[in-house]
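Worksheet for the structure shown next.
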Amino acid sequence: MSGIADNLTIYLTLSAIFFVFGILATLTRKNIIGLFMGVELMLNAAALNFVAFNAFSKEAHSSWLHGHIFSLFIIILAAIEAAVALAIVLRVFAMKRNIDPDHSVELKG
Amino acid sequence: MSTVDIFVLAMAIMGVISAALVAFHPNILHAAVSLIFSLLSVAGLYGALGADFLAAAQLIIYVGGIIVVILFAVMMSENIYRSRFLDNGGKFLFPFTLSLVILFGLSKFIAATPWPRTEVVNRNLTTTVESIGLALVGPYAIVFQYVAIVLLSGLIGAVVVARPHHHEDEKRGA
């Protein structure tokens, strides 16, 4: 029995738990920002999976870092998503005076 | 248990608790603050997996940038404290069922898959910065440029969306 830190299933299970909490936040929140935080949790879970697979790979050495690159691109795309999501939240708030996603139902307001 | 084991265990407990708070805390501001701790625990796990550059990038971009944006959006939305944001009329059955099914399926897959090497992490003391930099200008150069274009167009699109439109001002003035 190896230690906790050297066990791939620990990281995968943690990532699954993060992902499920992200899904729960996305489905149960009544707030666009809450949905957005759930999406961030899910992206983090996916990135953690990539890094864990990279670290436990058969070819793991100091210059074999493809999983790290994938996680880096996930972080960059999450930053873009944050900018666009905040812009949409600002527009919806300016038009509707609240950010409940159930109130934004028509396409051309 | 070694020091790294204790560190990973602490990060795991902190991450799970704060992720649960992100999903279930009725106050959206507290949920955003607990998202900080969730992202911090992911950064700590990156560090435990030997990804020093990614841990730093996670701290800078997520905790330093995205969280600030989220907190700004939370502060900007009024009635933070007046209404509870979780009152969706008891529509909890479908999300919980779906989440339990996904968690159960994922844990079954994780337990059933024969992972090729689950003994030790390559936790060497050399930094990964040089390798990541070389990969970004070598085999991943096209992807790097593409992400740059996506970032630029996303930021321009965010400015266009968030800018007040002139015809709405005229409508409001008329």
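Residue numbering restarts at 1 for every chain of the structure tokens, chains are lettered A, B, ... in their displayed order, and ligands are numbered from 1 as they appear.
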Open item on the list: So that I can check the secondary structure, give me every residue of region 23-107 of chain A assigned helix (DSSP H, G or I) by backbone DSSP, as a ChimeraX atom specification.
Closed with: /A:23-28,32-55,66-96,101-103
Exercise: Phe70 (chain A) partners within 9 Å, only C-alpha atoms, chain neighbours under 3 positions left out, as a PDB file with C-alpha atoms, in the first residue's frame:
```
ATOM      1  CA  ALA A  47      -7.375  20.059 -15.546  1.00  0.00           C
ATOM      2  CA  PHE A  50      -4.762  15.908 -17.010  1.00  0.00           C
ATOM      3  CA  VAL A  51      -1.999  16.748 -14.542  1.00  0.00           C
ATOM      4  CA  LEU A  65       4.667  17.512 -19.985  1.00  0.00           C
ATOM      5  CA  HIS A  66       1.795  17.200 -22.451  1.00  0.00           C
ATOM      6  CA  GLY A  67      -0.776  17.000 -19.652  1.00  0.00           C
ATOM      7  CA  PHE A  73      -4.728  25.813 -22.152  1.00  0.00           C
ATOM      8  CA  ILE A  74      -7.725  24.964 -19.974  1.00  0.00           C
ATOM      9  CA  ILE A  75      -6.722  27.753 -17.577  1.00  0.00           C
TER      10      ILE A  75
END
```
- [ ] Could you tell me which of A:Leu27, A:Ala83, A:Ala52, A:Leu72 comes closest to Phe92 (chain B) if we count only C-alpha atoms?
- [x] A:Leu27
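Taking only C-alpha atoms, the non-local environment of Val101 (chain B) within 12 Å (same-chain residues fewer than 5 positions away omitted) comprises Ala16, Val20 and Ile23 of chain A; Phe94, Pro95, Phe96, Leu106, Ser107 and Lys108 of chain B.
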File dump, residues just selected, N, CA and C atoms, as an mmCIF file, in the first residue's frame:
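Saved result, out.cif, follows:
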```cif
data_model
loop_
_atom_site.group_PDB
_atom_site.id
_atom_site.type_symbol
_atom_site.label_atom_id
_atom_site.label_comp_id
_atom_site.auth_asym_id
_atom_site.auth_seq_id
_atom_site.Cartn_x
_atom_site.Cartn_y
_atom_site.Cartn_z
ATOM 1 N N ALA A 16 -13.325 13.664 -9.618
ATOM 2 C CA ALA A 16 -14.730 13.312 -9.828
ATOM 3 C C ALA A 16 -15.627 14.061 -8.846
ATOM 4 N N VAL A 20 -18.578 16.677 -9.786
ATOM 5 C CA VAL A 20 -19.981 16.501 -9.396
ATOM 6 C C VAL A 20 -20.491 17.733 -8.651
ATOM 7 N N ILE A 23 -21.297 20.255 -11.223
ATOM 8 C CA ILE A 23 -22.590 19.990 -11.863
ATOM 9 C C ILE A 23 -23.732 20.419 -10.947
ATOM 10 N N PHE B 94 -33.795 16.121 -9.794
ATOM 11 C CA PHE B 94 -33.039 15.814 -11.005
ATOM 12 C C PHE B 94 -31.546 16.089 -10.842
ATOM 13 N N PRO B 95 -31.128 17.251 -10.295
ATOM 14 C CA PRO B 95 -29.673 17.459 -10.149
ATOM 15 C C PRO B 95 -29.008 16.435 -9.252
ATOM 16 N N PHE B 96 -29.655 16.079 -8.135
ATOM 17 C CA PHE B 96 -29.010 15.134 -7.231
ATOM 18 C C PHE B 96 -28.951 13.742 -7.836
ATOM 19 N N LEU B 106 -18.374 7.271 -12.363
ATOM 20 C CA LEU B 106 -16.955 7.634 -12.422
ATOM 21 C C LEU B 106 -16.145 6.817 -11.431
ATOM 22 N N SER B 107 -16.671 6.613 -10.214
ATOM 23 C CA SER B 107 -15.892 5.854 -9.234
ATOM 24 C C SER B 107 -15.796 4.385 -9.637
ATOM 25 N N LYS B 108 -16.860 3.858 -10.294
ATOM 26 C CA LYS B 108 -16.770 2.486 -10.788
ATOM 27 C C LYS B 108 -15.691 2.370 -11.850
#
```
Task: Non-local contacts of Val84 (chain A) (8 Å; only C-alpha atoms; under 3 positions in same chain excluded) as a PyMOL selection string - done: (chain A and resi 80-81+87-88) or (chain B and resi 154-155+157-158)
Open item on the list: Can you tell me which residues surround Val22 (chain B) at a distance of at most 10 Å, considering only C-alpha atoms, apart from same-chain residues fewer than 2 positions away, and format the answer as a ChimeraX atom specification?
Closed with: /A:21-22,24-25,29,34,37-38,41 /B:16-20,24-38
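Counting only C-alpha atoms, the residue from A:Ala55, A:Ala94, A:Ile32, A:His103 that sits nearest to chain B is A:Ala55.
Residue nearest Asp6 (chain A), chosen from B:Ile142, B:Val161, B:Leu45, B:Leu21 and counting only C-alpha atoms: B:Leu45.
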TODO: Excluding Val150 (chain B) and residues on its chain fewer than 6 positions from it, collect all residues at most 10 Å away from it, counting only C-alpha atoms, and give them as JSON, numbers by chain.
DONE: {"A": [76, 77, 80], "B": [144, 156]}
Task: d(CA of Ile132 (chain B), CA of Ala57 (chain B)) in Å - done: 12.1 Å
Open item on the list: One decimal, in Å: what's the spacing between CA of Asn31 (chain A) and CA of Pro101 (chain A)?
Closed with: 6.2 Å
